[in-house]
There are 2 protein chains.
Amino acid sequence: MYKVKVYVTLRESVLDPQGGAVKRALHTMDYAEVEDVRIGKYMELIVKETANIDQRVDEMCAKLLANTVIEDYRYEIEEVVPS
Amino acid sequence: MYKVKVYVTLRESVLDPQGGAVKRALHTMDYAEVEDVRIGKYMELIVKETANIDQRVDEMCAKLLANTVIEDYRYEIEEVVPS
């Protein structure tokens, strides 16, 4: 069994209004040291043993989990030993 | 300057309907090997040099970035050398 951690982030060139709102909220709360906030998604998938897991996870990201027009993704695959 | 990576995840005991929907979508797309999906948030903060950065980031998470009733958070602080 594998635990797959997927990180989806907005591309650098894409405006992040949600991040801007969080930044302003942090400034209002006196965390003036925060210069920038970018918000993305983090997903954990539990995946059964399968052939070509790396390729299949990459396909899942490209087809469903990320919108590759405006988002980048990266992932880590960890083997999980069932306890 | 620091880059702070914040990961916010739903607590184990909290139902994740969004994750369930993604899992069903992946099954429909013939990725039957996916057993579970949990969806969280990933945030990147750029933070200026400041005293007690670790404590301040922890406060930001607890007060604003995560809802600690239903979510857990963890973070990593990396020093960034301006290029």
# chains A, B, ... in the order shown; residues from 1 in each chain; ligands from 1
>>> closest_atom_pairs(of="chain A", to="chain B", cutoff="7 Å", atoms="only C-alpha atoms", output="tab-separated table")
residue	atom	partner	partner_atom	distance
A:Glu33	CA	B:Lys48	CA	5.0
A:Val34	CA	B:Val47	CA	4.4
A:Glu35	CA	B:Ile46	CA	5.3
A:Asp36	CA	B:Ile46	CA	5.0
A:Val37	CA	B:Leu45	CA	4.5
A:Arg38	CA	B:Glu44	CA	5.2
A:Ile39	CA	B:Met43	CA	4.6
A:Gly40	CA	B:Tyr42	CA	4.8
A:Lys41	CA	B:Lys41	CA	4.5
A:Tyr42	CA	B:Gly40	CA	4.8
A:Met43	CA	B:Ile39	CA	4.6
A:Glu44	CA	B:Arg38	CA	5.2
A:Leu45	CA	B:Val37	CA	4.5
A:Ile46	CA	B:Asp36	CA	5.0
A:Val47	CA	B:Val34	CA	4.4
A:Lys48	CA	B:Glu33	CA	5.0
A:Thr50	CA	B:Glu33	CA	7.0
>>> select_by_dssp(residues="chain A", states="helix (DSSP H, G or I)", output="MDAnalysis selection string")
chainID A and resid 17:28 53:65
>>> write_last_selection(atoms="N, CA and C atoms", output="PDB file, in the first residue's frame")
ATOM      1  N   PRO A  17      -6.019  35.753  -5.267  1.00  0.00           N
ATOM      2  CA  PRO A  17      -6.786  36.655  -4.407  1.00  0.00           C
ATOM      3  C   PRO A  17      -7.027  36.090  -3.009  1.00  0.00           C
ATOM      4  N   GLN A  18      -7.177  34.765  -2.914  1.00  0.00           N
ATOM      5  CA  GLN A  18      -7.394  34.144  -1.606  1.00  0.00           C
ATOM      6  C   GLN A  18      -6.143  34.337  -0.729  1.00  0.00           C
ATOM      7  N   GLY A  19      -4.978  34.154  -1.347  1.00  0.00           N
ATOM      8  CA  GLY A  19      -3.726  34.400  -0.622  1.00  0.00           C
ATOM      9  C   GLY A  19      -3.607  35.860  -0.201  1.00  0.00           C
ATOM     10  N   GLY A  20      -4.027  36.772  -1.084  1.00  0.00           N
ATOM     11  CA  GLY A  20      -3.989  38.190  -0.748  1.00  0.00           C
ATOM     12  C   GLY A  20      -4.882  38.505   0.449  1.00  0.00           C
ATOM     13  N   ALA A  21      -6.051  37.869   0.497  1.00  0.00           N
ATOM     14  CA  ALA A  21      -6.979  38.101   1.608  1.00  0.00           C
ATOM     15  C   ALA A  21      -6.385  37.593   2.915  1.00  0.00           C
ATOM     16  N   VAL A  22      -5.734  36.432   2.860  1.00  0.00           N
ATOM     17  CA  VAL A  22      -5.114  35.873   4.069  1.00  0.00           C
ATOM     18  C   VAL A  22      -3.977  36.781   4.533  1.00  0.00           C
ATOM     19  N   LYS A  23      -3.209  37.285   3.581  1.00  0.00           N
ATOM     20  CA  LYS A  23      -2.108  38.189   3.930  1.00  0.00           C
ATOM     21  C   LYS A  23      -2.640  39.437   4.636  1.00  0.00           C
ATOM     22  N   ARG A  24      -3.697  40.035   4.076  1.00  0.00           N
ATOM     23  CA  ARG A  24      -4.262  41.234   4.706  1.00  0.00           C
ATOM     24  C   ARG A  24      -4.801  40.911   6.100  1.00  0.00           C
ATOM     25  N   ALA A  25      -5.435  39.755   6.240  1.00  0.00           N
ATOM     26  CA  ALA A  25      -5.946  39.363   7.564  1.00  0.00           C
ATOM     27  C   ALA A  25      -4.792  39.235   8.560  1.00  0.00           C
ATOM     28  N   LEU A  26      -3.676  38.633   8.112  1.00  0.00           N
ATOM     29  CA  LEU A  26      -2.521  38.478   9.011  1.00  0.00           C
ATOM     30  C   LEU A  26      -1.945  39.847   9.386  1.00  0.00           C
ATOM     31  N   HIS A  27      -1.929  40.779   8.439  1.00  0.00           N
ATOM     32  CA  HIS A  27      -1.438  42.133   8.754  1.00  0.00           C
ATOM     33  C   HIS A  27      -2.339  42.797   9.791  1.00  0.00           C
ATOM     34  N   THR A  28      -3.653  42.630   9.614  1.00  0.00           N
ATOM     35  CA  THR A  28      -4.610  43.193  10.579  1.00  0.00           C
ATOM     36  C   THR A  28      -4.366  42.627  11.978  1.00  0.00           C
ATOM     37  N   ILE A  53       2.877   2.728 -10.659  1.00  0.00           N
ATOM     38  CA  ILE A  53       2.192   3.682  -9.769  1.00  0.00           C
ATOM     39  C   ILE A  53       2.610   5.119 -10.068  1.00  0.00           C
ATOM     40  N   ASP A  54       3.895   5.304 -10.343  1.00  0.00           N
ATOM     41  CA  ASP A  54       4.371   6.665 -10.582  1.00  0.00           C
ATOM     42  C   ASP A  54       3.649   7.294 -11.783  1.00  0.00           C
ATOM     43  N   GLN A  55       3.588   6.534 -12.854  1.00  0.00           N
ATOM     44  CA  GLN A  55       2.924   7.023 -14.063  1.00  0.00           C
ATOM     45  C   GLN A  55       1.431   7.260 -13.832  1.00  0.00           C
ATOM     46  N   ARG A  56       0.797   6.338 -13.085  1.00  0.00           N
ATOM     47  CA  ARG A  56      -0.642   6.467 -12.855  1.00  0.00           C
ATOM     48  C   ARG A  56      -0.964   7.668 -11.967  1.00  0.00           C
ATOM     49  N   VAL A  57      -0.137   7.913 -10.963  1.00  0.00           N
ATOM     50  CA  VAL A  57      -0.372   9.082 -10.111  1.00  0.00           C
ATOM     51  C   VAL A  57      -0.174  10.361 -10.927  1.00  0.00           C
ATOM     52  N   ASP A  58       0.829  10.358 -11.769  1.00  0.00           N
ATOM     53  CA  ASP A  58       1.058  11.534 -12.613  1.00  0.00           C
ATOM     54  C   ASP A  58      -0.163  11.806 -13.509  1.00  0.00           C
ATOM     55  N   GLU A  59      -0.733  10.752 -14.063  1.00  0.00           N
ATOM     56  CA  GLU A  59      -1.947  10.896 -14.881  1.00  0.00           C
ATOM     57  C   GLU A  59      -3.120  11.442 -14.071  1.00  0.00           C
ATOM     58  N   MET A  60      -3.306  10.902 -12.848  1.00  0.00           N
ATOM     59  CA  MET A  60      -4.411  11.383 -11.997  1.00  0.00           C
ATOM     60  C   MET A  60      -4.270  12.874 -11.736  1.00  0.00           C
ATOM     61  N   CYS A  61      -3.055  13.307 -11.485  1.00  0.00           N
ATOM     62  CA  CYS A  61      -2.814  14.734 -11.223  1.00  0.00           C
ATOM     63  C   CYS A  61      -3.139  15.554 -12.458  1.00  0.00           C
ATOM     64  N   ALA A  62      -2.627  15.104 -13.608  1.00  0.00           N
ATOM     65  CA  ALA A  62      -2.772  15.894 -14.825  1.00  0.00           C
ATOM     66  C   ALA A  62      -4.220  15.922 -15.293  1.00  0.00           C
ATOM     67  N   LYS A  63      -4.963  14.806 -15.064  1.00  0.00           N
ATOM     68  CA  LYS A  63      -6.323  14.726 -15.585  1.00  0.00           C
ATOM     69  C   LYS A  63      -7.371  15.280 -14.630  1.00  0.00           C
ATOM     70  N   LEU A  64      -7.158  15.120 -13.325  1.00  0.00           N
ATOM     71  CA  LEU A  64      -8.221  15.477 -12.390  1.00  0.00           C
ATOM     72  C   LEU A  64      -7.778  16.389 -11.248  1.00  0.00           C
ATOM     73  N   LEU A  65      -6.666  16.046 -10.610  1.00  0.00           N
ATOM     74  CA  LEU A  65      -6.367  16.710  -9.329  1.00  0.00           C
ATOM     75  C   LEU A  65      -5.864  18.137  -9.497  1.00  0.00           C
TER      76      LEU A  65
END
>>> select_by_dssp(residues="stretch 35-80 of chain B", states="strand (DSSP E)", output="NGL selection string")
:B and (35-47 or 71-79)
>>> atom_distance(atom1="atom CA of B:Ala51", atom2="atom CA of A:Glu12")
28.5 Å
